Structures are given as structure tokens and as C-alpha cells.
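my_file08.txt follows; it contains compact mmCIF, C-alpha atoms and all ligand atoms.
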# COMPACT_ATOMS: atom_id res chain seq x y z
CA MET Y 1399 0.00 0.00 0.00
CA ALA Y 1400 1.21 3.51 -0.75
CA LYS Y 1401 2.18 5.67 2.22
CA ALA Y 1402 1.64 9.34 2.89
CA TYR Y 1403 4.00 11.31 5.12
CA GLN Y 1404 2.32 14.51 6.28
CA GLY Y 1405 4.28 17.51 7.52
CA HIS Y 1406 6.16 20.55 6.20
CA ILE Y 1407 8.01 19.26 3.16
CA LEU Y 1408 11.15 21.01 1.89
CA TYR Y 1409 13.60 19.97 -0.81
CA THR Y 1410 15.65 21.51 -3.63
CA LYS Y 1411 14.80 20.45 -7.17
CA ASP Y 1412 17.05 23.27 -8.33
CA PRO Y 1413 19.83 24.92 -6.35
CA ASP Y 1414 18.43 28.42 -6.35
CA ARG Y 1415 15.28 27.80 -4.28
CA PHE Y 1416 13.50 25.44 -1.95
CA GLU Y 1417 10.34 23.62 -3.01
CA ILE Y 1418 8.08 24.06 0.00
CA TYR Y 1419 4.81 22.33 0.89
CA GLU Y 1420 3.63 23.60 4.26
CA ASN Y 1421 1.30 20.98 5.78
CA GLY Y 1422 1.79 18.90 2.65
CA ALA Y 1423 2.24 15.18 2.09
CA VAL Y 1424 4.81 13.03 0.33
CA ILE Y 1425 3.28 9.95 -1.27
CA VAL Y 1426 5.66 6.97 -1.32
CA GLU Y 1427 5.26 3.61 -3.01
CA ASP Y 1428 7.86 0.82 -3.19
CA GLY Y 1429 10.36 3.08 -1.46
CA LYS Y 1430 10.08 5.82 -4.08
CA VAL Y 1431 8.37 9.19 -4.14
CA VAL Y 1432 5.21 9.18 -6.25
CA GLU Y 1433 4.39 12.85 -5.74
CA VAL Y 1434 4.27 15.64 -3.20
CA LEU Y 1435 0.83 17.09 -2.51
CA LYS Y 1436 -0.25 20.41 -1.03
CA THR Y 1437 -2.95 18.64 0.96
CA LEU Y 1438 -3.82 15.05 1.65
CA PRO Y 1439 -6.40 13.69 -0.84
CA GLU Y 1440 -9.95 12.95 0.32
CA ASN Y 1441 -9.84 9.32 -0.72
CA LEU Y 1442 -7.53 7.83 1.91
CA GLU Y 1443 -8.42 4.14 1.56
CA ALA Y 1444 -5.44 3.45 -0.63
CA LEU Y 1445 -3.00 5.25 1.68
CA GLU Y 1446 -1.36 4.47 4.98
CA VAL Y 1447 -0.98 7.90 6.59
CA PHE Y 1448 1.88 8.96 8.88
CA ASN Y 1449 1.17 12.36 10.36
CA MET Y 1450 4.37 14.13 11.40
CA GLY Y 1451 2.44 17.20 12.60
CA ASP Y 1452 4.34 20.49 12.87
CA ARG Y 1453 7.62 18.94 11.79
CA LEU Y 1454 9.90 19.36 8.78
CA ILE Y 1455 10.42 16.52 6.30
CA ILE Y 1456 13.58 16.92 4.22
CA PRO Y 1457 15.77 14.63 2.08
CA GLY Y 1458 18.45 12.66 3.97
CA PHE Y 1459 21.97 14.07 3.94
CA VAL Y 1460 24.55 12.75 1.46
CA ASP Y 1461 28.25 12.68 2.36
CA LEU Y 1462 30.57 12.17 -0.63
CA HIS Y 1463 33.81 11.86 1.34
CA PHE Y 1464 34.50 10.22 4.70
CA HIS Y 1465 37.47 8.16 5.97
CA ALA Y 1466 35.98 5.54 8.31
CA PRO Y 1467 39.30 4.50 9.94
CA GLN Y 1468 40.08 8.13 10.84
CA PHE Y 1469 37.03 8.37 13.12
CA PRO Y 1470 39.06 7.81 16.34
CA ASN Y 1471 41.30 10.73 15.30
CA LEU Y 1472 38.48 13.30 15.08
CA GLY Y 1473 39.85 16.65 16.22
CA LEU Y 1474 43.43 15.40 16.50
CA GLY Y 1475 46.47 17.18 15.03
CA LEU Y 1476 44.42 19.73 13.11
CA ASP Y 1477 47.03 22.42 13.66
CA LYS Y 1478 49.14 20.75 10.94
CA GLU Y 1479 49.00 20.83 7.16
CA LEU Y 1480 48.06 17.84 5.01
CA LEU Y 1481 51.35 15.98 4.48
CA PRO Y 1482 52.68 16.11 8.08
CA TRP Y 1483 49.16 15.36 9.36
CA LEU Y 1484 49.06 12.21 7.21
CA GLU Y 1485 52.48 11.06 8.44
CA ASP Y 1486 52.05 11.88 12.11
CA TYR Y 1487 48.43 10.95 12.77
CA THR Y 1488 46.59 9.34 9.87
CA PHE Y 1489 48.93 6.59 8.70
CA PRO Y 1490 49.63 5.27 12.23
CA GLU Y 1491 45.89 5.09 12.97
CA GLU Y 1492 45.05 3.42 9.64
CA ALA Y 1493 47.66 0.74 10.31
CA LYS Y 1494 45.54 -0.53 13.21
CA TYR Y 1495 42.86 -1.91 10.87
CA SER Y 1496 44.79 -5.08 10.20
CA ASP Y 1497 43.16 -6.01 13.53
CA LEU Y 1498 39.57 -7.03 12.83
CA ASP Y 1499 38.43 -6.66 16.43
CA TYR Y 1500 39.66 -3.09 16.50
CA ALA Y 1501 38.04 -2.45 13.12
CA GLU Y 1502 34.74 -3.86 14.31
CA SER Y 1503 34.64 -1.70 17.43
CA VAL Y 1504 35.43 1.50 15.50
CA TYR Y 1505 33.25 0.81 12.45
CA THR Y 1506 30.24 0.01 14.62
CA ARG Y 1507 30.64 3.42 16.25
CA VAL Y 1508 31.08 5.03 12.81
CA ALA Y 1509 27.79 3.60 11.54
CA LYS Y 1510 25.96 4.76 14.67
CA GLU Y 1511 27.32 8.28 14.40
CA ILE Y 1512 26.54 8.59 10.71
CA TRP Y 1513 23.00 7.37 11.40
CA ARG Y 1514 22.70 9.79 14.32
CA GLN Y 1515 23.73 12.82 12.25
CA GLY Y 1516 21.14 12.18 9.54
CA THR Y 1517 23.42 11.01 6.76
CA THR Y 1518 21.53 8.40 4.75
CA ARG Y 1519 24.05 7.85 1.90
CA ILE Y 1520 27.80 8.04 2.14
CA VAL Y 1521 30.97 7.38 0.17
CA LEU Y 1522 33.65 5.91 2.43
CA PHE Y 1523 37.37 5.36 2.33
CA SER Y 1524 38.41 2.33 4.34
CA SER Y 1525 42.11 1.45 4.84
CA VAL Y 1526 44.41 -0.74 2.72
CA HIS Y 1527 43.09 -3.83 4.53
CA LYS Y 1528 40.77 -6.04 2.50
CA GLU Y 1529 39.20 -7.93 5.43
CA SER Y 1530 38.34 -4.90 7.50
CA THR Y 1531 36.98 -3.20 4.37
CA GLN Y 1532 34.60 -6.14 3.90
CA LEU Y 1533 33.65 -5.87 7.56
CA LEU Y 1534 32.91 -2.16 7.14
CA MET Y 1535 30.61 -2.99 4.21
CA SER Y 1536 28.74 -5.61 6.24
CA ILE Y 1537 28.23 -3.16 9.12
CA PHE Y 1538 26.75 -0.54 6.78
CA ASP Y 1539 24.54 -3.13 5.12
CA ARG Y 1540 23.20 -4.18 8.53
CA ALA Y 1541 22.60 -0.56 9.46
CA GLY Y 1542 20.43 -0.05 6.35
CA LEU Y 1543 22.51 2.91 5.18
CA GLY Y 1544 23.38 3.42 1.52
CA ALA Y 1545 27.13 3.41 0.91
CA TYR Y 1546 30.00 3.06 -1.49
CA VAL Y 1547 33.07 1.73 0.33
CA GLY Y 1548 36.64 1.73 -0.99
CA LYS Y 1549 39.61 -0.39 -0.05
CA VAL Y 1550 42.51 2.08 -0.19
CA ASN Y 1551 45.46 1.41 -2.52
CA MET Y 1552 49.00 2.66 -1.77
CA ASP Y 1553 52.26 1.28 -3.17
CA ARG Y 1554 54.68 4.19 -2.67
CA ASN Y 1555 55.53 7.14 -0.44
CA CYS Y 1556 53.93 5.82 2.70
CA PRO Y 1557 55.31 4.06 5.79
CA ASP Y 1558 56.51 0.44 5.68
CA PHE Y 1559 53.72 -0.56 8.03
CA LEU Y 1560 51.09 0.36 5.42
CA VAL Y 1561 52.68 0.15 1.99
CA GLU Y 1562 51.46 -2.63 -0.35
CA SER Y 1563 53.48 -4.18 -3.13
CA THR Y 1564 51.98 -3.26 -6.49
CA MET Y 1565 51.02 -6.87 -7.18
CA ASP Y 1566 49.48 -7.45 -3.76
CA SER Y 1567 47.49 -4.25 -4.00
CA ILE Y 1568 46.04 -5.22 -7.39
CA GLU Y 1569 45.31 -8.82 -6.40
CA ALA Y 1570 43.69 -7.90 -3.09
CA THR Y 1571 41.53 -5.32 -4.87
CA LYS Y 1572 40.41 -7.84 -7.48
CA ALA Y 1573 39.58 -10.46 -4.84
CA TRP Y 1574 37.64 -7.89 -2.81
CA LEU Y 1575 35.68 -6.75 -5.89
CA GLU Y 1576 34.83 -10.37 -6.72
CA ALA Y 1577 33.57 -10.87 -3.18
CA THR Y 1578 31.51 -7.69 -2.82
CA VAL Y 1579 30.42 -6.31 -6.17
CA ASN Y 1580 27.07 -8.11 -6.05
CA LEU Y 1581 26.89 -8.86 -2.33
CA TYR Y 1582 24.61 -6.13 -0.94
CA PRO Y 1583 21.70 -4.15 -2.37
CA LYS Y 1584 22.77 -0.73 -1.07
CA VAL Y 1585 26.44 -1.10 -0.15
CA LYS Y 1586 28.83 -1.27 -3.08
CA PRO Y 1587 32.59 -1.24 -3.61
CA LEU Y 1588 34.46 1.52 -5.43
CA ILE Y 1589 38.05 1.80 -6.60
CA THR Y 1590 40.11 3.98 -4.23
CA PRO Y 1591 43.68 4.97 -5.11
CA ARG Y 1592 44.47 7.22 -2.10
CA PHE Y 1593 46.02 9.97 -4.27
CA VAL Y 1594 48.76 10.25 -6.88
CA PRO Y 1595 51.71 10.58 -4.44
CA THR Y 1596 51.00 7.14 -2.91
CA CYS Y 1597 50.21 5.22 -6.13
CA THR Y 1598 52.64 4.25 -8.90
CA SER Y 1599 51.65 4.52 -12.55
CA GLU Y 1600 51.48 0.75 -12.78
CA LEU Y 1601 49.04 0.55 -9.89
CA MET Y 1602 46.88 3.44 -11.11
CA ARG Y 1603 46.63 1.89 -14.58
CA ALA Y 1604 45.65 -1.51 -13.15
CA LEU Y 1605 43.02 0.15 -10.96
CA GLY Y 1606 41.60 2.01 -13.95
CA ASP Y 1607 41.35 -1.34 -15.73
CA LEU Y 1608 39.60 -2.95 -12.74
CA ALA Y 1609 37.09 -0.07 -12.55
CA ALA Y 1610 36.23 -0.69 -16.20
CA GLU Y 1611 36.19 -4.50 -15.91
CA TYR Y 1612 33.87 -4.53 -12.88
CA ASN Y 1613 31.99 -1.38 -13.87
CA VAL Y 1614 32.57 0.19 -10.48
CA PRO Y 1615 33.11 3.86 -9.68
CA VAL Y 1616 36.28 5.58 -8.49
CA GLN Y 1617 37.19 8.00 -5.70
CA THR Y 1618 40.39 9.79 -4.85
CA HIS Y 1619 41.84 13.14 -3.75
CA ILE Y 1620 43.03 16.05 -5.87
CA SER Y 1621 44.71 19.43 -5.35
CA GLU Y 1622 43.95 19.80 -1.67
CA ASN Y 1623 47.24 21.37 -0.64
CA GLN Y 1624 49.86 23.36 -2.58
CA ALA Y 1625 52.79 21.14 -1.45
CA GLU Y 1626 50.82 18.11 -2.68
CA VAL Y 1627 50.19 19.74 -6.08
CA ASP Y 1628 53.91 20.61 -6.43
CA TRP Y 1629 54.85 17.03 -5.51
CA VAL Y 1630 52.53 15.57 -8.15
CA ARG Y 1631 54.06 17.85 -10.79
CA GLU Y 1632 57.52 16.50 -9.84
CA LEU Y 1633 56.33 12.88 -9.89
CA HIS Y 1634 54.50 13.17 -13.24
CA PRO Y 1635 56.14 15.76 -15.50
CA GLU Y 1636 54.72 13.80 -18.46
CA SER Y 1637 51.13 14.83 -17.64
CA ALA Y 1638 49.82 18.35 -18.17
CA ASP Y 1639 48.37 18.63 -14.67
CA TYR Y 1640 47.09 16.66 -11.67
CA ALA Y 1641 43.69 15.82 -13.23
CA THR Y 1642 45.40 14.62 -16.39
CA VAL Y 1643 47.46 12.15 -14.35
CA TYR Y 1644 44.20 10.49 -13.30
CA GLU Y 1645 42.81 10.72 -16.82
CA ASP Y 1646 45.96 9.18 -18.30
CA HIS Y 1647 45.47 6.15 -16.01
CA GLY Y 1648 41.80 5.57 -16.87
CA LEU Y 1649 40.48 6.93 -13.58
CA MET Y 1650 38.37 9.88 -14.76
CA GLY Y 1651 34.75 9.12 -15.66
CA ASP Y 1652 31.20 10.13 -14.83
CA LYS Y 1653 31.33 8.04 -11.62
CA THR Y 1654 34.62 9.45 -10.35
CA ILE Y 1655 34.72 11.59 -7.19
CA LEU Y 1656 37.63 13.97 -6.73
CA ALA Y 1657 37.79 15.26 -3.17
CA HIS Y 1658 38.87 18.81 -2.26
CA CYS Y 1659 39.59 20.59 -5.59
CA VAL Y 1660 41.06 23.60 -3.80
CA HIS Y 1661 43.89 24.45 -6.22
CA ASN Y 1662 42.70 23.23 -9.64
CA THR Y 1663 43.41 25.19 -12.81
CA ASP Y 1664 40.64 26.34 -15.13
CA ALA Y 1665 41.72 23.67 -17.62
CA GLU Y 1666 41.25 20.97 -14.96
CA ILE Y 1667 37.82 22.33 -14.05
CA GLU Y 1668 36.84 22.24 -17.73
CA LYS Y 1669 38.09 18.65 -17.96
CA MET Y 1670 36.05 17.63 -14.91
CA SER Y 1671 32.97 19.20 -16.42
CA LYS Y 1672 33.49 17.56 -19.80
CA LEU Y 1673 34.07 14.10 -18.30
CA GLY Y 1674 31.19 14.37 -15.81
CA VAL Y 1675 33.43 13.94 -12.77
CA PHE Y 1676 32.04 14.76 -9.30
CA ALA Y 1677 33.81 17.21 -6.99
CA ALA Y 1678 33.47 16.61 -3.24
CA HIS Y 1679 33.61 19.94 -1.43
CA CYS Y 1680 35.05 19.47 2.08
CA PRO Y 1681 35.28 22.95 3.61
CA ASN Y 1682 35.67 21.88 7.25
CA ALA Y 1683 38.76 19.85 6.32
CA ASN Y 1684 40.11 22.57 4.04
CA TYR Y 1685 39.97 25.06 6.90
CA ASN Y 1686 41.43 22.67 9.48
CA LEU Y 1687 44.50 21.75 7.44
CA ALA Y 1688 44.89 25.32 6.08
CA SER Y 1689 44.53 23.90 2.59
CA GLY Y 1690 42.58 26.85 1.22
CA ILE Y 1691 39.05 27.47 -0.06
CA MET Y 1692 37.63 25.53 -2.98
CA PRO Y 1693 36.19 28.13 -5.39
CA VAL Y 1694 32.93 26.21 -5.54
CA ARG Y 1695 31.16 28.86 -7.63
CA LYS Y 1696 33.71 28.37 -10.43
CA PHE Y 1697 32.94 24.65 -10.49
CA LEU Y 1698 29.19 25.26 -10.51
CA ASN Y 1699 29.52 27.87 -13.27
CA ALA Y 1700 31.54 25.37 -15.33
CA GLY Y 1701 28.82 22.73 -14.90
CA VAL Y 1702 30.82 20.37 -12.67
CA LYS Y 1703 28.70 18.05 -10.51
CA VAL Y 1704 29.38 19.01 -6.87
CA GLY Y 1705 28.46 17.36 -3.56
CA LEU Y 1706 29.60 17.88 0.02
CA GLY Y 1707 31.98 15.82 2.11
CA THR Y 1708 32.73 15.85 5.83
CA ASP Y 1709 36.19 14.39 5.13
CA VAL Y 1710 36.34 12.91 8.61
CA GLY Y 1711 39.01 12.93 10.16
CA ALA Y 1712 40.53 16.05 8.49
CA GLY Y 1713 37.01 17.41 8.91
CA HIS Y 1714 36.04 17.46 12.58
CA LYS Y 1715 32.26 17.12 12.17
CA VAL Y 1716 30.20 14.11 11.03
CA SER Y 1717 27.18 16.30 10.26
CA ILE Y 1718 26.54 17.40 6.67
CA ALA Y 1719 24.44 20.28 8.06
CA SER Y 1720 27.68 21.57 9.60
CA VAL Y 1721 29.41 21.22 6.23
CA MET Y 1722 26.59 23.20 4.59
CA SER Y 1723 27.07 26.16 6.92
CA THR Y 1724 30.86 26.04 6.58
CA ALA Y 1725 30.49 25.90 2.79
CA ILE Y 1726 28.45 29.10 2.92
CA GLN Y 1727 30.99 30.78 5.22
CA ALA Y 1728 33.92 29.67 3.05
CA SER Y 1729 32.23 30.97 -0.11
CA LYS Y 1730 31.73 34.34 1.57
CA ILE Y 1731 35.39 34.62 2.59
CA ALA Y 1732 36.48 33.68 -0.95
CA TRP Y 1733 34.14 36.32 -2.37
CA LEU Y 1734 35.35 38.93 0.12
CA ASN Y 1735 39.06 38.27 -0.08
CA SER Y 1736 39.84 36.92 -3.51
CA ASP Y 1737 37.21 37.28 -6.22
CA ARG Y 1738 34.09 39.49 -6.18
CA THR Y 1739 32.73 37.72 -9.26
CA LEU Y 1740 32.29 34.48 -7.30
CA ALA Y 1741 28.93 34.98 -5.58
CA PRO Y 1742 28.65 33.31 -2.16
CA LEU Y 1743 26.44 30.24 -1.80
CA SER Y 1744 22.85 30.72 -0.68
CA THR Y 1745 21.28 28.38 1.88
CA SER Y 1746 19.28 26.60 -0.81
CA GLU Y 1747 22.44 26.06 -2.86
CA ALA Y 1748 24.34 24.60 0.10
CA PHE Y 1749 21.35 22.40 0.92
CA TYR Y 1750 21.18 21.24 -2.70
CA LEU Y 1751 24.87 20.27 -2.64
CA GLY Y 1752 24.40 18.22 0.54
CA THR Y 1753 21.30 16.42 -0.76
CA LYS Y 1754 20.58 16.28 -4.50
CA GLY Y 1755 24.08 17.33 -5.63
CA GLY Y 1756 25.84 14.45 -3.88
CA GLY Y 1757 22.76 12.25 -4.19
CA ALA Y 1758 23.17 12.13 -7.98
CA TYR Y 1759 26.12 9.81 -7.36
CA PHE Y 1760 23.63 7.23 -6.04
CA GLY Y 1761 21.03 7.68 -8.79
CA LYS Y 1762 17.73 9.38 -8.05
CA VAL Y 1763 18.60 10.37 -4.50
CA GLY Y 1764 18.45 13.63 -2.55
CA SER Y 1765 15.16 15.12 -3.72
CA PHE Y 1766 11.42 14.43 -3.46
CA GLU Y 1767 10.70 14.67 -7.17
CA PRO Y 1768 8.66 11.78 -8.58
CA GLY Y 1769 10.75 8.61 -8.93
CA TYR Y 1770 13.32 9.61 -6.30
CA GLU Y 1771 14.19 7.18 -3.51
CA PHE Y 1772 12.40 8.21 -0.33
CA ASP Y 1773 15.51 9.01 1.74
CA ALA Y 1774 14.25 11.41 4.36
CA LEU Y 1775 14.70 13.01 7.77
CA VAL Y 1776 11.93 14.17 10.06
CA ILE Y 1777 13.04 17.25 12.01
CA ASP Y 1778 11.42 18.48 15.21
CA ASP Y 1779 12.90 21.95 15.70
CA HIS Y 1780 10.93 23.01 18.78
CA ARG Y 1781 14.00 22.60 21.00
CA LEU Y 1782 15.63 25.42 19.01
CA GLY Y 1783 13.24 28.12 20.27
CA VAL Y 1784 10.31 30.00 18.87
CA THR Y 1785 8.81 28.63 15.66
CA GLU Y 1786 5.69 30.84 15.57
CA GLY Y 1787 5.90 33.64 13.08
CA ARG Y 1788 8.73 31.96 11.20
CA THR Y 1789 8.35 30.42 7.78
CA VAL Y 1790 9.22 26.75 7.44
CA GLU Y 1791 12.20 27.78 5.28
CA GLU Y 1792 13.47 29.99 8.13
CA ARG Y 1793 12.95 27.09 10.52
CA LEU Y 1794 15.05 24.86 8.26
CA GLN Y 1795 17.81 27.51 8.10
CA ARG Y 1796 17.97 27.57 11.89
CA PHE Y 1797 18.09 23.77 12.11
CA LEU Y 1798 20.96 23.65 9.59
CA TYR Y 1799 23.02 26.19 11.53
CA ILE Y 1800 22.18 25.46 15.17
CA GLY Y 1801 20.37 22.13 15.22
CA ASP Y 1802 21.89 18.71 15.77
CA ASP Y 1803 21.04 15.04 16.09
CA ARG Y 1804 18.68 15.74 19.00
CA ASP Y 1805 16.32 17.39 16.53
CA ILE Y 1806 16.24 14.49 14.04
CA ILE Y 1807 13.45 12.17 15.07
CA SER Y 1808 13.27 9.70 12.14
CA ARG Y 1809 15.43 8.63 9.22
CA PHE Y 1810 14.39 6.77 6.07
CA VAL Y 1811 16.39 5.10 3.30
CA SER Y 1812 14.48 4.02 0.18
CA GLY Y 1813 11.22 4.18 2.13
CA ASP Y 1814 12.41 2.08 5.09
CA GLU Y 1815 12.74 3.70 8.47
CA ILE Y 1816 16.22 2.92 9.79
CA MET Y 1817 16.76 2.54 13.50
CA GLU Y 1818 19.91 3.16 15.53
CA PRO Y 1819 22.46 0.47 14.61
CA THR Y 1820 23.05 -1.82 17.56
CA LYS Y 1821 26.15 -3.84 16.86
N1 LIG Y 1901 45.05 13.07 0.80
C1 LIG Y 1901 45.51 11.81 0.80
N2 LIG Y 1901 45.03 11.11 1.85
C2 LIG Y 1901 44.24 11.95 2.52
C3 LIG Y 1901 43.43 11.81 3.70
O1 LIG Y 1901 43.39 10.76 4.36
N3 LIG Y 1901 42.74 12.90 4.09
C4 LIG Y 1901 42.77 14.08 3.40
N4 LIG Y 1901 42.06 15.11 3.82
N5 LIG Y 1901 43.52 14.23 2.30
C5 LIG Y 1901 44.24 13.18 1.87
FE FE Y 1902 40.04 12.74 2.33
Could I get this structure in the form of C-alpha cells?
Amino acid sequence: MAKAYQGHILYTKDPDRFEIYENGAVIVEDGKVVEVLKTLPENLEALEVFNMGDRLIIPGFVDLHFHAPQFPNLGLGLDKELLPWLEDYTFPEEAKYSDLDYAESVYTRVAKEIWRQGTTRIVLFSSVHKESTQLLMSIFDRAGLGAYVGKVNMDRNCPDFLVESTMDSIEATKAWLEATVNLYPKVKPLITPRFVPTCTSELMRALGDLAAEYNVPVQTHISENQAEVDWVRELHPESADYATVYEDHGLMGDKTILAHCVHNTDAEIEKMSKLGVFAAHCPNANYNLASGIMPVRKFLNAGVKVGLGTDVGAGHKVSIASVMSTAIQASKIAWLNSDRTLAPLSTSEAFYLGTKGGGAYFGKVGSFEPGYEFDALVIDDHRLGVTEGRTVEERLQRFLYIGDDRDIISRFVSGDEIMEPTK
């Protein structure tokens, strides 16, 4: 039977404004949105009605970039820049995931926290370890969350306790793809070279081939930090720029996510647009590691697909609502200090990036247009103070800036309500 969820419905079909149905109803059948109505129809026999009262119903949050094994490091060492931060904090922590018991205890907490913060779909980096990557996938499957999960590949420029041989890295990746590519309905593998400095040409080429052979997407990092960009130019003088290194190894397609994009050239932005690559905007992380500000307006103007990423643990917050507000702040500072032609993001634009923008990576996700998966959050904002005399859009703005998990009372993925993960 079709279901009707009554409440104040808000979503962004387009970035420049919210679609708003005050006291409206979303009709859902087989986990998908059929339509959104201004009022509930008279003939209710064919509908199971869930009345959410004076609450907001919005699409679930989508996080395009999160490192699951960095969760225990949240808030640690964020007075450093990228490369020393990786050496001093990140690599030693990631080495611990050869231990499956440790991995299980952390990844169970990760799933709980992601659930708690209202993220319903997420793209995860794991570590280089195949077994704990499979465990991470099983935990997300059990939690009912939608996820892409990547076993990390690294065969150079990283500590002995993490580095893989090129052959082992390729073989482990192939075995892991075989085991997981058709294992779960909503949790899928994706190819994950960490970034150019830690992957040889031979490895990157083999990973590009595996992505094509298994028809799986790709994620990696690009141009986060100036020292990283300079290093890549030294390592690959044969390629025109950082993005071209990935392209030359078969890693740039319409299901590739490039995280950060702080220092890309106009030619790289054009390339990303032409190839349909996604950019993951991670402003909390870019501030923390003093990487810079991604000129997100340039990417949007060029027609690049953009979503938001927490980038835990370089980002210190699991909440995509927090990333939305930081994205707005960052765009204002960039406008103020570097380029007055790059208009700051509006609230609806930031919301779009954290729902439909990133959701496009998962198909029809992140909106309540007909045919979209019913991934939703029910928000009770009464804890946040006076709601009378405020529009529902203003109430959503306040939730995004000052609300938190205490205000999220239900979460749905493809029409199923998902409960707090237990173990
Ligand atoms: N570049 C390569 N690896 C990483 C990582 O783990 N985090 C971030 N923020 N950037 C990276
Ligand atoms: Fe990252």
C-alpha cells in the first residue's frame, strides 16, 4: 500500500530555491516518491498515513567523502597541514585496521554516528586492509545505510607498516571486488587509489582497468594542498596537470569523485565538467589543514557536478548540516578576499549540494521529485526556540546552523525507516 508522510516538506529540485509544501504530504510507493501534494487527498483508503504534525520533512543528507578508519582521530592534530598530518596521525591510525576486532569496534561506532547525524548515503574510504573493508561494508549493510566503500590502494611514499606491493594491491583489490560487487543491495565497492603521491603509474593503470572490468566507480583526492600539487608535478612531468594524471590512467569518468579541488586550474575544471566527474567539497577539512578554499562557484559555473563531504578525520564534524554552513561561510570569505565575481552560496544552494548534488552519485537520490528514492529526515525543531511567526524555510535555516542530532526524530532510506544500529 502507498504511504503518505504529512508535515512541512522542503527539498531543492534546483539549487536556487527550496520547493516548500507547508502541511503537505509526500506519497511513497515501493520506497520511491510518487508525488508531493499540497494537501492530503480525500480518498484515503489506498493510503497508509503517517502524520508528522508540525515537523519538517527533508531529504536525507549525502556525504561524498569520509574516511571511516580516521574516526578515532576526530579533532586530532588539526594544527598541521596535510602531508605532516598524514604522516604523524593518519597513517599510524590506519595501520591498526589489520586487527579485525579493532576495526569492528570503530566501524560500529562510525555507523551509529553517521546514522545519528542524519546522513543516509555516504561514500567511504576504508584502509588498505581487505578484510576490514569487507567488515565495514557488512556493518553498513546491517545498518540499512546506503554506501560506497573503498579499499585504499597505496604502493609508494607511505610508511613500511602500510605500503602494499603493487602486485598485492592489485590482487587484493580484485579479490575484494569479486567478493563484494554483487553482495549487498545498497552497499557497493568503489576503486580507491588514495592519491597520486602514494600510487605508482602501474598501480593506477591496473586500478583504472579494474574499474572498467567490474563497472565500479572511483574515488580519490586532488589538489587539496599546494605542497601536494607541487609534488605531483615532480612525480608526473609527463602529464599536463594533476587531473590529467588520473585521466591518463583511466580513472576519470562520470562516476569518479575527486575530493577537495582547492587548487585546480581552469583547464582541470573544464576537464572535470566535460568528463562528468564529481567534486566533493570538504570545507571543514580545508579550513582545518589550512589547505585553502575551494572556489565552488567556479565549479558550478563550469557545470561540474558538486556534492559535500565531511572528510572525517581532516574534517572534525560528522554532520553534513555543519558542512553546509561552513560551505556558505567559506564561499563568503572567498568572495570577500579573492574574487568578487564568485557569488557566495545561498542556503538553498548549500542544501542542494548536501542532498541532491551528492545524491546524484547514487542515482535518483536527494530530492522528493517523482521517482526519487524516499531518503528522508523528520526534524522536530521546537528545541531550538520560537517557531511561531517563522516560515518553514526559516525554521530549516535555523536547524541547519544550530540544530543537531537531538532534533532528528526519524530517518528513512528508500522508504524504510532505519533505526539506531546496535552492533
Ligand atoms: N590526501 C591523501 N590522503 C588523505 C586523507 O586521508 N585525508 C585528506 N584530507 N587528504 C588526503
Ligand atoms: Fe580525504
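For the choices Y:Ser1530, Y:Asn1686, Y:Thr1739, Y:Ser1563, the atom-to-atom distance to ligand LIG 1901 (chain Y) is smallest for Y:Asn1686 when using all atoms listed in the file.
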Please check which protein, DNA or RNA residues sit within 10 Å of ligand FE 1902 (chain Y), counting all atoms listed in the file, and write them as a PyMOL selection string. chain Y and resi 1462-1465+1468+1480+1522-1523+1592-1593+1617-1620+1622+1656-1658+1678+1680+1683-1684+1707-1713
Name all residues at most 12 Å from segment 1763-1771 of chain Y (count all atoms listed in the file; drop same-chain ones fewer than 6 positions away) and give them as a ChimeraX atom specification. /Y:1403,1407-1413,1416-1419,1423-1435,1455-1461,1517-1520,1544,1584,1705,1749-1757,1810-1814
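Taking atom CA of Ser1567 of chain Y and atom CA of Asp1607 of chain Y as the two end points, the separation is 13.6 Å.
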Select, from Y:Pro1635, Y:Pro1587, Y:Pro1693, Y:Pro1681, the residue with the minimum atom-to-atom distance to ligand LIG 1901 (chain Y), counting all atoms listed in the file. Y:Pro1681
For the atom pair atom CA of Val1521 of chain Y and atom CA of Ala1610 of chain Y, what is the interatomic distance in Å to one decimal place? 19.0 Å
As AutoDock Vina command-line options, what would the box around segment 1679-1685 of chain Y look like: edges along x, y and z, 4 Å added on every side, centre and edge lengths in Å to one decimal?
--center_x 36.9 --center_y 22.3 --center_z 2.9 --size_x 14.5 --size_y 13.6 --size_z 16.7
One number please: atom CA of Val1579 of chain Y to atom CA of Ile1537 of chain Y, in Å, one decimal. 15.8 Å
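The residue set within 9 Å of segment 1497-1507 of chain Y, counting all atoms listed in the file and dropping same-chain residues fewer than 4 places from it, reads Ala1466, Pro1467, Phe1469, Pro1470, Ala1493, Glu1511, Ile1512, Glu1529, Ser1530, Thr1531, Leu1533, Leu1534, Ile1537, Phe1538, Pro1819, Thr1820 and Lys1821 of chain Y.
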Can I get the selection written as a tab-separated table (two decimals), in the frame of the given file, with C-alpha atoms?
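What ended up in again36.tsv:
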chain	number	residue	atom	x	y	z
Y	1466	ALA	CA	35.98	5.54	8.31
Y	1467	PRO	CA	39.30	4.50	9.94
Y	1469	PHE	CA	37.03	8.37	13.12
Y	1470	PRO	CA	39.06	7.81	16.34
Y	1493	ALA	CA	47.66	0.74	10.31
Y	1511	GLU	CA	27.32	8.28	14.40
Y	1512	ILE	CA	26.54	8.59	10.71
Y	1529	GLU	CA	39.20	-7.93	5.43
Y	1530	SER	CA	38.34	-4.90	7.50
Y	1531	THR	CA	36.98	-3.20	4.37
Y	1533	LEU	CA	33.65	-5.87	7.56
Y	1534	LEU	CA	32.91	-2.16	7.14
Y	1537	ILE	CA	28.23	-3.16	9.12
Y	1538	PHE	CA	26.75	-0.54	6.78
Y	1819	PRO	CA	22.46	0.47	14.61
Y	1820	THR	CA	23.05	-1.82	17.56
Y	1821	LYS	CA	26.15	-3.84	16.86
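Of the residues listed (Y:Leu1605, Y:Leu1581, Y:Ala1509, Y:Ala1625), Y:Ala1625 shows the shortest atom-to-atom separation from ligand LIG 1901 (chain Y); distances use all atoms listed in the file.
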With distances taken over all atoms listed in the file, which residue among Y:Leu1476, Y:Val1704, Y:Val1784, Y:Ile1726 lies nearest ligand LIG 1901 (chain Y)? Y:Leu1476
What's the 9 Å shell around Val1790 of chain Y, counting only C-alpha atoms, without same-chain residues fewer than 2 positions away, as a ChimeraX atom specification? /Y:1406-1408,1418,1420,1454,1785,1788,1792-1795
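Among the candidates Y:Leu1740, Y:Gln1515, Y:Met1565, Y:Ala1719, the residue lying nearest to Arg1809 of chain Y is Y:Gln1515 (atoms considered: all atoms listed in the file).
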Which polymer residues have any atom within 9 Å of an atom of Gly1451 of chain Y, counting all atoms listed in the file, with same-chain residues fewer than 4 positions away left out, as a PyMOL selection string? chain Y and resi 1404-1406+1421
Include C-alpha atoms and write out the residues we just selected as a compact mmCIF listing (two decimals), in the coordinates of the input.
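File written: selection_11.txt
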# COMPACT_ATOMS: atom_id res chain seq x y z
CA GLN Y 1404 2.32 14.51 6.28
CA GLY Y 1405 4.28 17.51 7.52
CA HIS Y 1406 6.16 20.55 6.20
CA ASN Y 1421 1.30 20.98 5.78
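Shortest separation to Asp1803 of chain Y among Y:Pro1742, Y:Pro1583, Y:Gly1516, Y:Gly1542 occurs at residue Y:Gly1516, atoms counted being only C-alpha atoms.
Close to (46.3, 23.9, 7.9), meaning no more than 7 Å away when counting only C-alpha atoms, sit the residues Leu1476, Asp1477, Lys1478, Glu1479, Leu1480, Tyr1685, Asn1686, Leu1687, Ala1688 and Ser1689 of chain Y.
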